[in-house]
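**Q** First, the structure itself, so that you have it in front of you.
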Amino acid sequence: MKYTFKKPARKDIIKCSVVVVLYIAFLIWIESWWGLLALPFIIDNYITKYINWSWWKDSESPVVRLVMSWVDALVFALVAVYFVNIYFFQNYTIPSSSLEKSLLIGDYLMVSKSSYGARVPQTPLHMPLCQHTLPFGIGKSYIESVQWDYKRIHPERIPVNDIVVFNFPNGDSVLYNVQEADYYDYCYGYGRSLYSQKHGLELVLDSVSTLQKRRYFEECYSLGQQYISTNPGELGRVIWRPVDRRENYVKRCVGTPGQMLEIKDRIVYLDGKPNKEPDNVQYSYRLELIQQLPDDLVDELELSSEQLSQLYGTGCMPLTQQAYTALKSRTDLVSSISLIEQEEDDRLFPKNGGYHWSCDNYGPLWIPEKGKEIPGGLTLENLPLYERIIDVYEDNDLKVTDDGKILINGKEAKNYTFKMDYYWMMGDNRHYSADSRFWGFVPEDHVVGKPILIWFSKDPNKGLFNGIRWKRLFRWVDNIK
């Protein structure tokens, strides 16, 4: 069929002009001129109409017209959602109690993607509204063969104490049968046990040199990896996920690039100064109840009815300072209440450090800053803190020789200049939060956005209507300090 150009109607010219101006403005904003390749197709849709974009409207079959009208609407909706989700806003649901009482399980958040600079997708071929898995678990929601370099539009640093959504840093490797678990926890956990079985002893870390300690952790990790890979029926096969398709986490940023962070007696210190604790920070307490707490007191203190039901007279649960003070004064209901001191934990980051740290007493450590070197240089003692950054996040070849020399890309390194900024994230429910204390720094390329609004909230332990938390609806997250 021969193409004949027809003079466009005035309204088509106006529509085309508006769309082209908006589209070019969008390209200027995202600083990408490859999008200009799409301009001829936009102009053709309104003006030249060389391509018959709506061919199905001329079909004699009513079935074709009906089906294609739905396909047309669906494709438009998916494309619109795709761009809105990437560059502007995304819905997010609080899945765990790590930020209680600041954010609660069942809170639905609107997350701004542009607050810290919208991140250009690193995995562009993915299904909108699906993070990493298609509905009903039928397969991956993305194609990882196409990967773009990290880029953020008009990047901004995260201020201290902001609540942030980010991709789980340790989520690059995932156990298929326990996808919510930390793969590296399993590797070191199994590895330590297997090391003891293999050698008939458990190494006393304080009795060996730093290099020997490193070799011990390397062997533990290798043994754990081997066990997992040769026993897929137990934990499932190991799958890899690109940065922007990893699980979304939400925590509070308590440390920013270039700061020296230390936790002493539960308080976070930045460059030697105590950081303000969140208003609703929680710690774990041991309670001994004389009788069940009345419902009105439970509601007033916003205690977890599910956790209270598990106390059976004596037990542990997280409490805010307000709740602790109120319960301590109720000697008619509570016979004793005391803070639980956290002990050393070999699951803490770095898992190969052997630093004798706990959740309440942790560090000190320096948070890497783009373009800066480690204060005091890179040594075998501090290498466990930074080797995942150097080796994995910033894609270098890192090795330690038999005589203890650190090699980066084949050359001996006394220091290292970082290519990205990094952050330290923690939950407000401090004794019940798997956060940076367990898996380390959050690279800037993992940052998703900033929650700005709680648009809906429902207690998952209650019914559809009596579970709605009306007081939390349309509450600004910035007001949660």
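Labels for the structure tokens follow display order: chains A, B, ..., residues from 1 in each chain, ligands from 1.
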How close does each residue of region 177-220 of chain A get to region 423-439 of chain A, giving the shortest atom pair and distance in Å to one decimal for every residue with an atom at most 12 Å away, counting only C-alpha atoms, sorted by chain and residue number, as JSON lines?
**A**
{"residue": "A:Glu180", "atom": "CA", "partner": "A:Ala434", "partner_atom": "CA", "distance": 11.5}
{"residue": "A:Ala181", "atom": "CA", "partner": "A:Ala434", "partner_atom": "CA", "distance": 10.5}
{"residue": "A:Asp182", "atom": "CA", "partner": "A:Trp439", "partner_atom": "CA", "distance": 8.6}
{"residue": "A:Tyr183", "atom": "CA", "partner": "A:Trp439", "partner_atom": "CA", "distance": 10.7}
{"residue": "A:Tyr184", "atom": "CA", "partner": "A:Trp439", "partner_atom": "CA", "distance": 8.9}
{"residue": "A:Asp185", "atom": "CA", "partner": "A:Phe438", "partner_atom": "CA", "distance": 9.0}
**Q** Write out as a PDB file with N, CA and C atoms, in the first residue's frame each polymer residue whose atoms come within 12 Å of Arg157 (chain A), counting only C-alpha atoms; drop sequence neighbours fewer than 6 positions from it.
**A**
ATOM      1  N   SER A 114      13.587  10.400  43.693  1.00  0.00           N
ATOM      2  CA  SER A 114      14.417  11.535  43.293  1.00  0.00           C
ATOM      3  C   SER A 114      15.022  12.293  44.471  1.00  0.00           C
ATOM      4  N   SER A 115      14.684  11.910  45.709  1.00  0.00           N
ATOM      5  CA  SER A 115      15.189  12.637  46.875  1.00  0.00           C
ATOM      6  C   SER A 115      16.706  12.623  46.951  1.00  0.00           C
ATOM      7  N   TYR A 116      17.326  11.505  46.615  1.00  0.00           N
ATOM      8  CA  TYR A 116      18.792  11.401  46.611  1.00  0.00           C
ATOM      9  C   TYR A 116      19.326  11.277  45.187  1.00  0.00           C
ATOM     10  N   GLY A 117      18.467  11.561  44.212  1.00  0.00           N
ATOM     11  CA  GLY A 117      18.825  11.414  42.811  1.00  0.00           C
ATOM     12  C   GLY A 117      18.278  10.115  42.270  1.00  0.00           C
ATOM     13  N   VAL A 164      15.752   5.378  54.985  1.00  0.00           N
ATOM     14  CA  VAL A 164      16.140   5.145  53.598  1.00  0.00           C
ATOM     15  C   VAL A 164      15.718   3.742  53.160  1.00  0.00           C
ATOM     16  N   CYS A 253      19.614   5.851  58.317  1.00  0.00           N
ATOM     17  CA  CYS A 253      21.019   6.146  58.059  1.00  0.00           C
ATOM     18  C   CYS A 253      21.621   6.807  59.299  1.00  0.00           C
ATOM     19  N   GLY A 255      25.141   6.808  59.780  1.00  0.00           N
ATOM     20  CA  GLY A 255      26.526   7.159  59.510  1.00  0.00           C
ATOM     21  C   GLY A 255      26.717   7.452  58.037  1.00  0.00           C
ATOM     22  N   THR A 256      27.433   8.530  57.725  1.00  0.00           N
ATOM     23  CA  THR A 256      27.600   8.967  56.340  1.00  0.00           C
ATOM     24  C   THR A 256      29.072   8.932  55.943  1.00  0.00           C
ATOM     25  N   PRO A 257      29.374   9.057  54.634  1.00  0.00           N
ATOM     26  CA  PRO A 257      30.749   8.917  54.152  1.00  0.00           C
ATOM     27  C   PRO A 257      31.736   9.829  54.875  1.00  0.00           C
ATOM     28  N   GLY A 258      32.882   9.241  55.241  1.00  0.00           N
ATOM     29  CA  GLY A 258      33.957  10.004  55.872  1.00  0.00           C
ATOM     30  C   GLY A 258      33.866  10.104  57.371  1.00  0.00           C
ATOM     31  N   GLU A 369      34.534   7.051  51.922  1.00  0.00           N
ATOM     32  CA  GLU A 369      34.059   8.218  51.183  1.00  0.00           C
ATOM     33  C   GLU A 369      34.705   8.233  49.806  1.00  0.00           C
ATOM     34  N   LYS A 370      33.915   8.575  48.799  1.00  0.00           N
ATOM     35  CA  LYS A 370      34.407   8.608  47.417  1.00  0.00           C
ATOM     36  C   LYS A 370      35.614   9.531  47.294  1.00  0.00           C
ATOM     37  N   MET A 420      33.185   5.017  45.405  1.00  0.00           N
ATOM     38  CA  MET A 420      31.806   5.378  45.747  1.00  0.00           C
ATOM     39  C   MET A 420      31.725   5.815  47.204  1.00  0.00           C
ATOM     40  N   ASP A 421      30.613   6.468  47.524  1.00  0.00           N
ATOM     41  CA  ASP A 421      30.286   6.772  48.915  1.00  0.00           C
ATOM     42  C   ASP A 421      29.575   5.573  49.533  1.00  0.00           C
ATOM     43  N   TYR A 422      29.702   5.452  50.859  1.00  0.00           N
ATOM     44  CA  TYR A 422      29.063   4.354  51.586  1.00  0.00           C
ATOM     45  C   TYR A 422      28.361   4.892  52.826  1.00  0.00           C
ATOM     46  N   TYR A 423      27.359   4.126  53.284  1.00  0.00           N
ATOM     47  CA  TYR A 423      26.525   4.559  54.411  1.00  0.00           C
ATOM     48  C   TYR A 423      26.392   3.434  55.430  1.00  0.00           C
ATOM     49  N   PRO A 443      26.537   0.579  49.791  1.00  0.00           N
ATOM     50  CA  PRO A 443      27.100   1.416  48.723  1.00  0.00           C
ATOM     51  C   PRO A 443      26.053   2.375  48.161  1.00  0.00           C
ATOM     52  N   GLU A 444      26.503   3.495  47.654  1.00  0.00           N
ATOM     53  CA  GLU A 444      25.572   4.494  47.124  1.00  0.00           C
ATOM     54  C   GLU A 444      24.751   3.947  45.959  1.00  0.00           C
ATOM     55  N   ASP A 445      25.308   2.984  45.194  1.00  0.00           N
ATOM     56  CA  ASP A 445      24.549   2.457  44.061  1.00  0.00           C
ATOM     57  C   ASP A 445      23.433   1.516  44.483  1.00  0.00           C
ATOM     58  N   VAL A 447      21.290   2.503  46.930  1.00  0.00           N
ATOM     59  CA  VAL A 447      20.244   3.363  47.506  1.00  0.00           C
ATOM     60  C   VAL A 447      19.079   3.486  46.527  1.00  0.00           C
ATOM     61  N   GLY A 449      15.694   5.055  47.522  1.00  0.00           N
ATOM     62  CA  GLY A 449      14.998   6.320  47.696  1.00  0.00           C
ATOM     63  C   GLY A 449      14.630   6.587  49.139  1.00  0.00           C
ATOM     64  N   LYS A 450      13.792   7.599  49.314  1.00  0.00           N
ATOM     65  CA  LYS A 450      13.422   8.066  50.645  1.00  0.00           C
ATOM     66  C   LYS A 450      11.915   7.910  50.856  1.00  0.00           C
TER      67      LYS A 450
END
**Q** Per residue of region 313-408 of chain A within 12 Å of region 283-302 of chain A, which atom pair is closest and at what distance in Å (one decimal), using only C-alpha atoms, listed by chain and increasing number, as a Markdown table?
**A**
| residue | atom | partner | partner_atom | distance |
| --- | --- | --- | --- | --- |
| A:Gly313 | CA | A:Leu289 | CA | 4.8 |
| A:Thr314 | CA | A:Glu288 | CA | 4.2 |
| A:Gly315 | CA | A:Leu287 | CA | 5.5 |
| A:Cys316 | CA | A:Arg286 | CA | 4.4 |
| A:Met317 | CA | A:Ser284 | CA | 5.4 |
| A:Pro318 | CA | A:Ser284 | CA | 4.2 |
| A:Leu319 | CA | A:Tyr283 | CA | 5.7 |
| A:Thr320 | CA | A:Tyr283 | CA | 6.8 |
| A:Gln321 | CA | A:Tyr283 | CA | 8.4 |
| A:Gln322 | CA | A:Leu301 | CA | 7.7 |
| A:Ala323 | CA | A:Leu301 | CA | 5.7 |
| A:Tyr324 | CA | A:Tyr285 | CA | 8.2 |
| A:Thr325 | CA | A:Leu301 | CA | 10.5 |
| A:Ala326 | CA | A:Leu301 | CA | 8.3 |
| A:Leu327 | CA | A:Leu301 | CA | 9.2 |
| A:Lys328 | CA | A:Leu287 | CA | 9.6 |
| A:Arg330 | CA | A:Leu293 | CA | 9.9 |
| A:Thr331 | CA | A:Ile290 | CA | 8.5 |
| A:Asp332 | CA | A:Ile290 | CA | 7.2 |
| A:Leu333 | CA | A:Ile290 | CA | 5.1 |
| A:Val334 | CA | A:Leu289 | CA | 4.5 |
| A:Ser335 | CA | A:Glu288 | CA | 5.6 |
| A:Ser336 | CA | A:Glu288 | CA | 5.2 |
| A:Ile337 | CA | A:Leu287 | CA | 4.6 |
| A:Ser338 | CA | A:Arg286 | CA | 5.3 |
| A:Leu339 | CA | A:Tyr285 | CA | 4.4 |
| A:Ile340 | CA | A:Tyr285 | CA | 5.3 |
| A:Glu341 | CA | A:Ser284 | CA | 8.4 |
| A:Gln342 | CA | A:Ser284 | CA | 9.1 |
| A:Cys359 | CA | A:Tyr283 | CA | 10.8 |
| A:Asp360 | CA | A:Tyr283 | CA | 9.9 |
**Q** Ser112 (chain A): which residues within 7 Å, counting only C-alpha atoms, same-chain residues fewer than 5 positions away excluded, as a list of chain:residue names?
**A**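 Here the answer would be A:Phe88, A:Phe89, A:Gln90, A:Gly449, A:Lys450, A:Pro451, A:Ile452.
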**Q** Limited to N, CA and C atoms, could you put the picked residues into a file as a PDB file, in the first residue's frame?
**A**
ATOM      1  N   PHE A  88      10.487   8.299  39.792  1.00  0.00           N
ATOM      2  CA  PHE A  88       9.720   9.198  40.656  1.00  0.00           C
ATOM      3  C   PHE A  88       9.249   8.552  41.958  1.00  0.00           C
ATOM      4  N   PHE A  89       8.313   7.625  41.900  1.00  0.00           N
ATOM      5  CA  PHE A  89       7.741   7.073  43.126  1.00  0.00           C
ATOM      6  C   PHE A  89       7.577   5.564  43.026  1.00  0.00           C
ATOM      7  N   GLN A  90       7.628   4.926  44.206  1.00  0.00           N
ATOM      8  CA  GLN A  90       7.404   3.491  44.277  1.00  0.00           C
ATOM      9  C   GLN A  90       6.711   3.166  45.593  1.00  0.00           C
ATOM     10  N   GLY A 449      15.694   5.055  47.522  1.00  0.00           N
ATOM     11  CA  GLY A 449      14.998   6.320  47.696  1.00  0.00           C
ATOM     12  C   GLY A 449      14.630   6.587  49.139  1.00  0.00           C
ATOM     13  N   LYS A 450      13.792   7.599  49.314  1.00  0.00           N
ATOM     14  CA  LYS A 450      13.422   8.066  50.645  1.00  0.00           C
ATOM     15  C   LYS A 450      11.915   7.910  50.856  1.00  0.00           C
ATOM     16  N   PRO A 451      11.501   7.188  51.894  1.00  0.00           N
ATOM     17  CA  PRO A 451      10.066   7.128  52.204  1.00  0.00           C
ATOM     18  C   PRO A 451       9.570   8.514  52.620  1.00  0.00           C
ATOM     19  N   ILE A 452       8.472   8.941  52.027  1.00  0.00           N
ATOM     20  CA  ILE A 452       7.978  10.280  52.357  1.00  0.00           C
ATOM     21  C   ILE A 452       6.599  10.261  53.004  1.00  0.00           C
TER      22      ILE A 452
END
**Q** Which residue, A:Ile42, A:Leu175, A:Val120, A:Ile51, has the smallest gap to Asn231 (chain A) when you use only C-alpha atoms?
**A**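 Among the listed residues, the smallest separation from Asn231 (chain A) belongs to A:Leu175.
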